[in-house]
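Comments concern the structure below.
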Amino acid sequence: MTTHPDSVLIVDFGSQVTQLIARRVREAGVYSEIVPFQSADEALTRLKPKAIILSGSPASSIDADSPRAPAAIFEAGLPVLGICYGQQTMCAQLGGRIEGGLHREFGRAFVEVKKPSPLFDGIWAEGTRHQVWMSHGDRVTALPDGFDIVAVSPGAPFAAIADERRRFYGVQFHPEVAHTPDGGRLLSNFVHRIAKLPGDWTMAAFREQAIEDIRKKVGSGRVICGLSGGVDSAVAAVLIHEAIGEQLTCIFVDHGLLRLNEAEEVVSLFREHYNIPLVHVQAEDTFLEALAGVSDPEVKRKTIGRLFIETFEAEAKKLGGADFLAQGTLYPDVIESVSFTGGPSVTIKSHHNVGGLPERMNMQLVEPLRELFKDEVRVLGRELGLPESFVGRHPFPGPGLAIRVPGAITRDKLEILRQADAVYLDEIRKAGLYDAIWQAFAVLLPVQTVGVMGDGRTYDYACALRAVTSVDGMTADFYPFDMEFLGAAATRIINEVRGINRVVYDVTSKPPGTIEWE
């Protein structure tokens, strides 16, 4: 990743909402980077941050083998903010005391400010009471030398603490979540008032730095960029083309798993609007033959990923070789793929080459967006002049419709799903809801049901509709359609799409670290 002169290092101890800390810091105009605690020493040297934030964690800080921050963090002379577990481990490592299971606090709580602090400047005055979000079983019961209490809550006598001389701060609550209404401003105080960082990390600045980095890395080499039809790879391609021009060739693999008319839209955008060299590979037969009879979604992902790589490799040879393969890897891909717990992250991001390319490929990866969240990629796309109809389109995962057809894939199923998906999105656009929704799509369920249509019985598929709201694509909640809309959309799908006789709406949410519904 690029080194930024004014940055905040976020040490991840495994909290589900660590990425929200990064989002809030970036919203304050300051670059932030998340690293697992095991890599914090290396990141401290590489990034040379101006401030450090210690995240929460599902671990208990009183366990002997619980994660700890490197001692170098507290010896670097930098401002440090510990959040929840981060506060606890900071206190434990600096000579305080932690006890577990005494007074748990989960959910909404209220803190009372006992003492002024630059952390609260312009937000919370001494003697006032404010809502926060708590999620802890352990708590600090004795402070290290040099710390003072600045706020308390019924379950946390050290709800906020400060060592103003060393610029060490700790809060037991979570300022990064929306349920702490003033949390974003508190984090802004930490980076601006305490760490004295300017809020000058903008997408225009990122664009300039990224172009310089691409030119430096690529030199006179040739780059092929794999287009998927989605926003990420399109923005990556336009950014790289701005940096190196004709040294870039885009390869659009039409694998037969795209949305209705998507291939035509991509080809038109890149050939006619941007005049970027584009190879359009018709590979539907290859992909569908390889996926025939495959039901396991993870096998589908790996098969598609393998075929993409093989296709890019073959096309690169036709072009006379390439030195680099560009792709639209985003920061959430990176975060989840280096989760300190290991856990499901390998599965979650198996359709990305986050960890690198196969050894046999004599190419390096170029991933100019791997520092950005999804919403930041959209801002960059607008900065680059991509049309709003493309920049604002809903995310579409690399495996495409393959994971929206649970069970075995057939051409007939894909065509039924394309038609249903197109009707659903058309209804959303007509209702003026497209931009209010982060992602909406149809899923063809692997069940057939008996239905009556007119005077006859049918035995056709059931279709599920999905729509979620999100900011960064890391967490999501279902969109609360009214019944009139759902009724109209379902009626159109059943009337216009042969093969579907039942429509349901999926109201599950997406917590951090999960993949799209499948």
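By order of appearance in the structure tokens: chains A, B, ..., then residues from 1 within every chain, and ligands from 1 in the order shown.
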
For this session: Using only C-alpha atoms, determine which residues lie at most 10 Å from Leu325 in chain A, disregarding the query and same-chain residues fewer than 3 positions distant; provide the list as a ChimeraX atom specification.
Result: /A:222-226,248-250,309,312-313,316,322,357,361-367

If you take only C-alpha atoms and a cut-off of 8 Å, which residues of range 60-105 of chain A touch range 157-166 of chain A, and what are their nearest atom pairs and distances in Å to one decimal, in chain and number order, as a Markdown table?
```
| residue | atom | partner | partner_atom | distance |
| --- | --- | --- | --- | --- |
| A:Gly77 | CA | A:Arg166 | CA | 7.1 |
| A:Leu78 | CA | A:Arg166 | CA | 7.9 |
| A:Pro79 | CA | A:Arg166 | CA | 7.1 |
```

Exercise. Tell me, which residues of range 364-484 of chain A carry DSSP alpha helix (DSSP H), written as a ChimeraX atom specification?
Worked result: /A:374-383,388-391,411-430,483-484

Would you save the residues of that selection, restricted to N, CA and C atoms, as a compact mmCIF listing (two decimals), in the first residue's frame?
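As written to disk, again.txt reads:
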```txt
# COMPACT_ATOMS: atom_id res chain seq x y z
N LYS A 374 -15.88 0.86 -0.94
CA LYS A 374 -16.71 0.91 -2.13
C LYS A 374 -17.23 2.32 -2.43
N ASP A 375 -17.71 3.01 -1.40
CA ASP A 375 -18.24 4.35 -1.65
C ASP A 375 -17.15 5.30 -2.10
N GLU A 376 -15.92 5.08 -1.64
CA GLU A 376 -14.80 5.91 -2.09
C GLU A 376 -14.47 5.64 -3.55
N VAL A 377 -14.64 4.39 -3.99
CA VAL A 377 -14.42 4.06 -5.40
C VAL A 377 -15.42 4.81 -6.28
N ARG A 378 -16.65 4.93 -5.80
CA ARG A 378 -17.65 5.68 -6.57
C ARG A 378 -17.24 7.16 -6.69
N VAL A 379 -16.73 7.72 -5.58
CA VAL A 379 -16.28 9.11 -5.61
C VAL A 379 -15.12 9.26 -6.61
N LEU A 380 -14.20 8.29 -6.60
CA LEU A 380 -13.09 8.33 -7.55
C LEU A 380 -13.60 8.20 -8.99
N GLY A 381 -14.59 7.35 -9.20
CA GLY A 381 -15.15 7.21 -10.53
C GLY A 381 -15.72 8.52 -11.05
N ARG A 382 -16.40 9.25 -10.18
CA ARG A 382 -16.92 10.57 -10.58
C ARG A 382 -15.78 11.54 -10.84
N GLU A 383 -14.74 11.46 -10.02
CA GLU A 383 -13.55 12.31 -10.21
C GLU A 383 -12.91 12.05 -11.57
N GLU A 388 -22.53 8.76 -14.50
CA GLU A 388 -23.21 8.45 -13.26
C GLU A 388 -23.99 7.15 -13.36
N SER A 389 -24.53 6.85 -14.52
CA SER A 389 -25.29 5.61 -14.69
C SER A 389 -24.42 4.39 -14.44
N PHE A 390 -23.12 4.53 -14.66
CA PHE A 390 -22.19 3.42 -14.43
C PHE A 390 -21.63 3.47 -13.01
N VAL A 391 -21.23 4.65 -12.57
CA VAL A 391 -20.65 4.79 -11.23
C VAL A 391 -21.65 4.40 -10.15
N ARG A 411 -28.44 -22.98 -18.72
CA ARG A 411 -28.71 -21.79 -19.52
C ARG A 411 -30.13 -21.29 -19.31
N ASP A 412 -31.08 -22.24 -19.20
CA ASP A 412 -32.48 -21.84 -19.00
C ASP A 412 -32.66 -21.10 -17.68
N LYS A 413 -32.04 -21.60 -16.61
CA LYS A 413 -32.14 -20.95 -15.31
C LYS A 413 -31.55 -19.54 -15.37
N LEU A 414 -30.41 -19.40 -16.03
CA LEU A 414 -29.77 -18.10 -16.12
C LEU A 414 -30.64 -17.10 -16.88
N GLU A 415 -31.29 -17.56 -17.95
CA GLU A 415 -32.13 -16.65 -18.72
C GLU A 415 -33.37 -16.25 -17.92
N ILE A 416 -33.95 -17.19 -17.19
CA ILE A 416 -35.10 -16.86 -16.33
C ILE A 416 -34.69 -15.82 -15.30
N LEU A 417 -33.52 -16.03 -14.68
CA LEU A 417 -33.05 -15.11 -13.65
C LEU A 417 -32.76 -13.73 -14.23
N ARG A 418 -32.11 -13.67 -15.40
CA ARG A 418 -31.83 -12.38 -16.03
C ARG A 418 -33.11 -11.57 -16.24
N GLN A 419 -34.12 -12.24 -16.74
CA GLN A 419 -35.37 -11.54 -17.02
C GLN A 419 -36.02 -11.05 -15.72
N ALA A 420 -36.05 -11.90 -14.71
CA ALA A 420 -36.65 -11.51 -13.43
C ALA A 420 -35.88 -10.37 -12.79
N ASP A 421 -34.55 -10.45 -12.84
CA ASP A 421 -33.70 -9.41 -12.27
C ASP A 421 -33.92 -8.07 -12.97
N ALA A 422 -34.05 -8.11 -14.30
CA ALA A 422 -34.26 -6.88 -15.07
C ALA A 422 -35.60 -6.24 -14.73
N VAL A 423 -36.64 -7.05 -14.58
CA VAL A 423 -37.95 -6.51 -14.21
C VAL A 423 -37.89 -5.88 -12.82
N TYR A 424 -37.26 -6.57 -11.88
CA TYR A 424 -37.14 -6.08 -10.50
C TYR A 424 -36.42 -4.73 -10.47
N LEU A 425 -35.28 -4.63 -11.14
CA LEU A 425 -34.53 -3.38 -11.15
C LEU A 425 -35.29 -2.27 -11.88
N ASP A 426 -36.03 -2.64 -12.90
CA ASP A 426 -36.83 -1.65 -13.61
C ASP A 426 -37.90 -1.06 -12.69
N GLU A 427 -38.53 -1.90 -11.88
CA GLU A 427 -39.53 -1.42 -10.93
C GLU A 427 -38.89 -0.51 -9.88
N ILE A 428 -37.68 -0.87 -9.44
CA ILE A 428 -36.98 -0.05 -8.45
C ILE A 428 -36.66 1.33 -9.04
N ARG A 429 -36.21 1.35 -10.28
CA ARG A 429 -35.91 2.64 -10.92
C ARG A 429 -37.18 3.47 -11.10
N LYS A 430 -38.24 2.85 -11.54
CA LYS A 430 -39.50 3.57 -11.74
C LYS A 430 -40.02 4.17 -10.44
N MET A 483 -45.62 -2.78 0.86
CA MET A 483 -46.26 -3.93 0.23
C MET A 483 -46.76 -3.61 -1.18
N GLU A 484 -47.11 -2.36 -1.41
CA GLU A 484 -47.57 -1.99 -2.75
C GLU A 484 -46.47 -2.20 -3.78
```

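Of the listed residues A:Lys300, A:Arg108, A:Arg167, A:Arg215, the one whose atoms come nearest to Pro181 in chain A is A:Arg108, with distances taken using only C-alpha atoms.
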
Quick one: everything within 9 Å of range 53-56 of chain A, counting only C-alpha atoms, minus sequence neighbours fewer than 4 positions away in the same chain. Send it as a compact mmCIF listing (two decimals) with C-alpha atoms, in the first residue's frame.
```txt
# COMPACT_ATOMS: atom_id res chain seq x y z
CA VAL A 8 -3.60 6.91 11.28
CA LEU A 9 -2.72 3.30 12.03
CA ILE A 10 -5.65 1.21 13.31
CA VAL A 11 -4.59 -1.94 15.14
CA ASP A 12 -7.26 -4.62 14.71
CA PHE A 13 -7.89 -7.02 17.58
CA GLY A 14 -10.80 -8.68 15.78
CA SER A 15 -13.78 -6.40 16.37
CA GLN A 16 -16.63 -6.76 13.89
CA VAL A 17 -16.74 -2.98 13.49
CA THR A 18 -13.04 -2.12 13.15
CA ILE A 21 -13.19 3.25 12.67
CA PHE A 37 -2.28 -6.78 15.78
CA ALA A 69 -0.45 -4.18 21.24
CA PRO A 79 -1.20 9.91 20.28
CA VAL A 80 -3.00 6.64 21.04
CA LEU A 81 -6.75 6.05 21.37
CA GLY A 82 -7.96 2.72 22.77
CA ILE A 83 -11.55 1.72 22.02
CA CYS A 84 -13.31 -0.85 24.26
CA TYR A 85 -10.84 -3.78 24.27
CA GLY A 86 -8.23 -1.32 23.03
CA GLN A 87 -8.71 0.73 26.19
CA THR A 89 -5.29 -3.75 26.79
CA MET A 90 -3.67 -0.30 26.91
CA HIS A 174 -17.70 2.46 20.61
```

Problem set entry | Close residues, Val177 in chain A itself excluded, 8 Å, only C-alpha atoms, min 2 positions apart in chain, as a ChimeraX atom specification | /A:17,20,133,174-175,179-180,183

For this session: Tell me, as a ChimeraX atom specification, which residues lie within 9 Å of range 147-156 of chain A, counting only C-alpha atoms; anything in the same chain fewer than 3 positions away does not count.
Result: /A:102-105,109-117,126,139-141,143-144,159-164,168-169,171-172
